[in-house]
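For reference, the structure discussed in these notes is given below.
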Protein chains: 2
Amino acid sequence: MNLTFKALNDPTRREILKLLRKGELTAGEIADHFDIGKPSISHHLDILRRGELVTSSKNGQFVVYTLNTTVLDDIMTWFINLKNDE
Amino acid sequence: MNLTFKALNDPTRREILKLLRKGELTAGEIADHFDIGKPSISHHLDILRRGELVTSSKNGQFVVYTLNTTVLDDIMTWFINLKNDE
DNA sequence: CAAATATTTCGATATTTATCGAAATATCAA
DNA sequence: TTGATATTTCGATAAATATCGAAATATTTG
């Protein structure tokens, strides 16, 4: 859970998650949406992966990233527990 | 929203939020639950306040902290949009 | 007013983090 | 195999963060 919250604590990474709402994207396609270098994006993707917010798979020379909705459910449960006491 | 996610990115601060589920607490009562110094807790509380996750009010010589559930709703909406939308 | 208590601010330090350009790795295409 | 493309790893640097002890501020109590 710590790695997940850590991954969420960056505007670029949250923007990446929004991009992935509509479907999977390659690392390059994701990088094209930002003004920062590809090594930085690669690093952000690694942090999102370690926080289990995305999964990745290799398709030829491309690496495809996908939103992992399972962990989103876990996070929402965390917040619901915070609200509904006990 | 940035300050809110930032505030959530620390185990001590998330633990403070859990303590506040059952009702408001003074800064000192919160500090008593942890092994770190009061200045550090005060700093964490400040970050939680700036992230609007808690509100504070002064009661005599005590400062009372309360969970702000409004922002919790906002965060959950953010996650729901990430899951469902588009 | 003076002493005691509660909390925060200050100044410093050690750790973590985001970013970069260059280099390394992997795959595809000619 | 050679050259081009996609992505990551590496090494470095600058900025942000958590923590601490000491000092400052505010309030209550004697």
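Residues are referred to by chain and number: the chain letter is A, B, ... according to the order shown in the structure tokens, the number counts from 1 in that chain, and ligands are numbered separately from 1 in the order shown.
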
Could you build a table of the residues in chain B lying no more than 6 Å from chain A, giving for each the nearest pair of atoms and their separation in Å rounded to one decimal place, using only C-alpha atoms, ordered by chain and ascending residue number, as JSON lines?
```
{"residue": "B:Phe5", "atom": "CA", "partner": "A:Asn9", "partner_atom": "CA", "distance": 5.4}
{"residue": "B:Lys6", "atom": "CA", "partner": "A:Asn9", "partner_atom": "CA", "distance": 5.5}
{"residue": "B:Asn9", "atom": "CA", "partner": "A:Phe5", "partner_atom": "CA", "distance": 5.4}
{"residue": "B:Arg21", "atom": "CA", "partner": "A:Asp85", "partner_atom": "CA", "distance": 5.3}
```

Could you save those same residues with C-alpha atoms as a JSON list (two decimals), in the first residue's frame?
```
[["chain", "number", "residue", "atom", "x", "y", "z"],
["B", 5, "PHE", "CA", -1.99, 13.16, -2.52],
["B", 6, "LYS", "CA", 1.23, 14.51, -1.09],
["B", 9, "ASN", "CA", 2.17, 9.74, 0.91],
["B", 21, "ARG", "CA", -11.69, 8.02, 12.46]]
```

* **Sel. of strand (DSSP E) residues, stretch 44-75 of chain B, as a list in words** => Val54, Thr55, Ser56, Ser57, Lys58, Asn59, Phe62, Val63, Val64, Tyr65, Thr66 and Leu67 of chain B

* To do: Could you check which of B:Leu25, B:Trp78, B:Leu53, B:Thr12 is closest to chain D, using only C-alpha atoms (C1' of nucleotides)?
  =>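 Going through B:Leu25, B:Trp78, B:Leu53, B:Thr12 one by one, the smallest distance to chain D is for B:Thr12.
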
* Among stretch 18-48 of chain B, which residues carry a DSSP assignment of alpha helix (DSSP H), reported as a PyMOL selection string? -> chain B and resi 18-19+27-31+38-48

* To do: Do me a favour and pick out the residues of chain C within 8 Å of chain A, using only C-alpha atoms (C1' of nucleotides), as a PyMOL selection string.
  => chain C and resi 18-20+26-28

* Given a cut-off of 9 Å, which residues of chain D touch chain B, counting only C-alpha atoms (C1' of nucleotides), written out as an MDAnalysis selection string? -> chainID D and resid 18:20 26:28

Output file for the residues above (C-alpha atoms (C1' of nucleotides), as a PDB file, in the first residue's frame):
```pdb
ATOM      1  C1'  DA D  18      11.341  13.646   7.443  1.00  0.00           C
ATOM      2  C1'  DT D  19      13.417  14.124  11.468  1.00  0.00           C
ATOM      3  C1'  DC D  20      15.698  16.223  15.429  1.00  0.00           C
ATOM      4  C1'  DA D  26       0.192  30.886  23.691  1.00  0.00           C
ATOM      5  C1'  DT D  27      -2.595  29.525  27.480  1.00  0.00           C
ATOM      6  C1'  DT D  28      -3.685  28.049  32.041  1.00  0.00           C
TER       7       DT D  28
END
```

Take chain B, superimpose it onto chain A by least squares using every C-alpha atom paired in sequence order, and output the result as a compact mmCIF listing (two decimals) with C-alpha atoms, in the first residue's frame.
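Dumped to part_2.txt:
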```txt
# COMPACT_ATOMS: atom_id res chain seq x y z
CA MET B 1 0.09 0.01 0.00
CA ASN B 2 3.02 2.29 0.69
CA LEU B 3 4.38 1.88 -2.83
CA THR B 4 0.94 2.57 -4.25
CA PHE B 5 0.52 5.85 -2.41
CA LYS B 6 4.07 6.76 -3.32
CA ALA B 7 3.30 6.13 -6.98
CA LEU B 8 0.25 8.38 -6.78
CA ASN B 9 2.25 11.25 -5.35
CA ASP B 10 3.32 12.84 -8.62
CA PRO B 11 1.32 14.87 -11.15
CA THR B 12 3.03 13.25 -14.13
CA ARG B 13 2.24 9.77 -12.90
CA ARG B 14 -1.38 10.65 -12.17
CA GLU B 15 -1.61 12.07 -15.67
CA ILE B 16 -0.24 8.80 -17.06
CA LEU B 17 -2.97 6.91 -15.22
CA LYS B 18 -5.58 9.16 -16.81
CA LEU B 19 -4.12 8.49 -20.26
CA LEU B 20 -4.45 4.77 -19.65
CA ARG B 21 -8.15 5.02 -18.82
CA LYS B 22 -9.07 4.63 -22.46
CA GLY B 23 -6.87 1.64 -23.08
CA GLU B 24 -3.31 0.45 -23.12
CA LEU B 25 -0.44 2.48 -24.54
CA THR B 26 3.20 1.86 -25.31
CA ALA B 27 5.94 3.58 -23.34
CA GLY B 28 6.68 5.79 -26.33
CA GLU B 29 3.07 6.84 -26.80
CA ILE B 30 2.93 7.80 -23.15
CA ALA B 31 6.19 9.73 -23.38
CA ASP B 32 4.86 11.69 -26.37
CA HIS B 33 2.26 13.30 -24.11
CA PHE B 34 4.86 14.97 -21.93
CA ASP B 35 7.66 17.48 -22.25
CA ILE B 36 10.09 15.52 -20.13
CA GLY B 37 12.60 13.00 -21.41
CA LYS B 38 11.97 9.34 -22.07
CA PRO B 39 14.29 8.15 -19.32
CA SER B 40 12.18 10.10 -16.83
CA ILE B 41 8.95 8.63 -18.17
CA SER B 42 10.47 5.18 -18.02
CA HIS B 43 11.31 5.82 -14.40
CA HIS B 44 7.76 7.01 -13.66
CA LEU B 45 6.36 3.91 -15.34
CA ASP B 46 8.61 1.76 -13.19
CA ILE B 47 7.29 3.43 -10.06
CA LEU B 48 3.69 2.95 -11.23
CA ARG B 49 4.46 -0.71 -11.87
CA ARG B 50 6.00 -1.20 -8.45
CA GLY B 51 2.91 0.44 -6.95
CA GLU B 52 0.89 -2.09 -8.96
CA LEU B 53 -1.14 0.68 -10.56
CA VAL B 54 -0.15 -0.52 -14.02
CA THR B 55 1.02 -3.76 -15.58
CA SER B 56 3.36 -4.04 -18.52
CA SER B 57 3.98 -6.61 -21.21
CA LYS B 58 6.29 -6.75 -24.14
CA ASN B 59 4.91 -6.78 -27.64
CA GLY B 60 7.77 -7.04 -30.07
CA GLN B 61 10.02 -4.08 -29.57
CA PHE B 62 7.27 -2.18 -27.73
CA VAL B 63 6.39 -2.29 -24.07
CA VAL B 64 2.67 -1.94 -23.49
CA TYR B 65 1.29 -0.49 -20.28
CA THR B 66 -2.18 -1.15 -18.90
CA LEU B 67 -4.10 0.28 -15.95
CA ASN B 68 -4.53 -2.19 -13.10
CA THR B 69 -8.00 -1.61 -11.72
CA THR B 70 -7.62 -4.21 -8.96
CA VAL B 71 -5.41 -1.95 -6.91
CA LEU B 72 -7.75 0.95 -7.49
CA ASP B 73 -10.42 -1.09 -5.72
CA ASP B 74 -8.05 -1.69 -2.83
CA ILE B 75 -7.37 1.99 -2.48
CA MET B 76 -11.03 2.87 -2.51
CA THR B 77 -11.63 0.29 0.19
CA TRP B 78 -8.91 1.96 2.23
CA PHE B 79 -10.70 5.31 1.96
CA ILE B 80 -14.12 3.83 2.66
CA ASN B 81 -12.76 2.29 5.84
CA LEU B 82 -11.35 5.62 6.82
CA LYS B 83 -14.74 7.26 6.43
CA ASN B 84 -17.19 4.77 7.80
CA ASP B 85 -15.55 2.32 10.13
CA GLU B 86 -15.69 2.18 13.89
```

* Find the distance between atom C1' of C:DA4 and atom C1' of D:DG21 and write it in Å to one decimal. =>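 Computing the Euclidean distance for atom C1' of C:DA4 and atom C1' of D:DG21 yields 20.0 Å.
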
* Pairwise distance for atom C1' of D:DA22 and atom C1' of C:DA2, rounded to one decimal in Å -> 21.8 Å
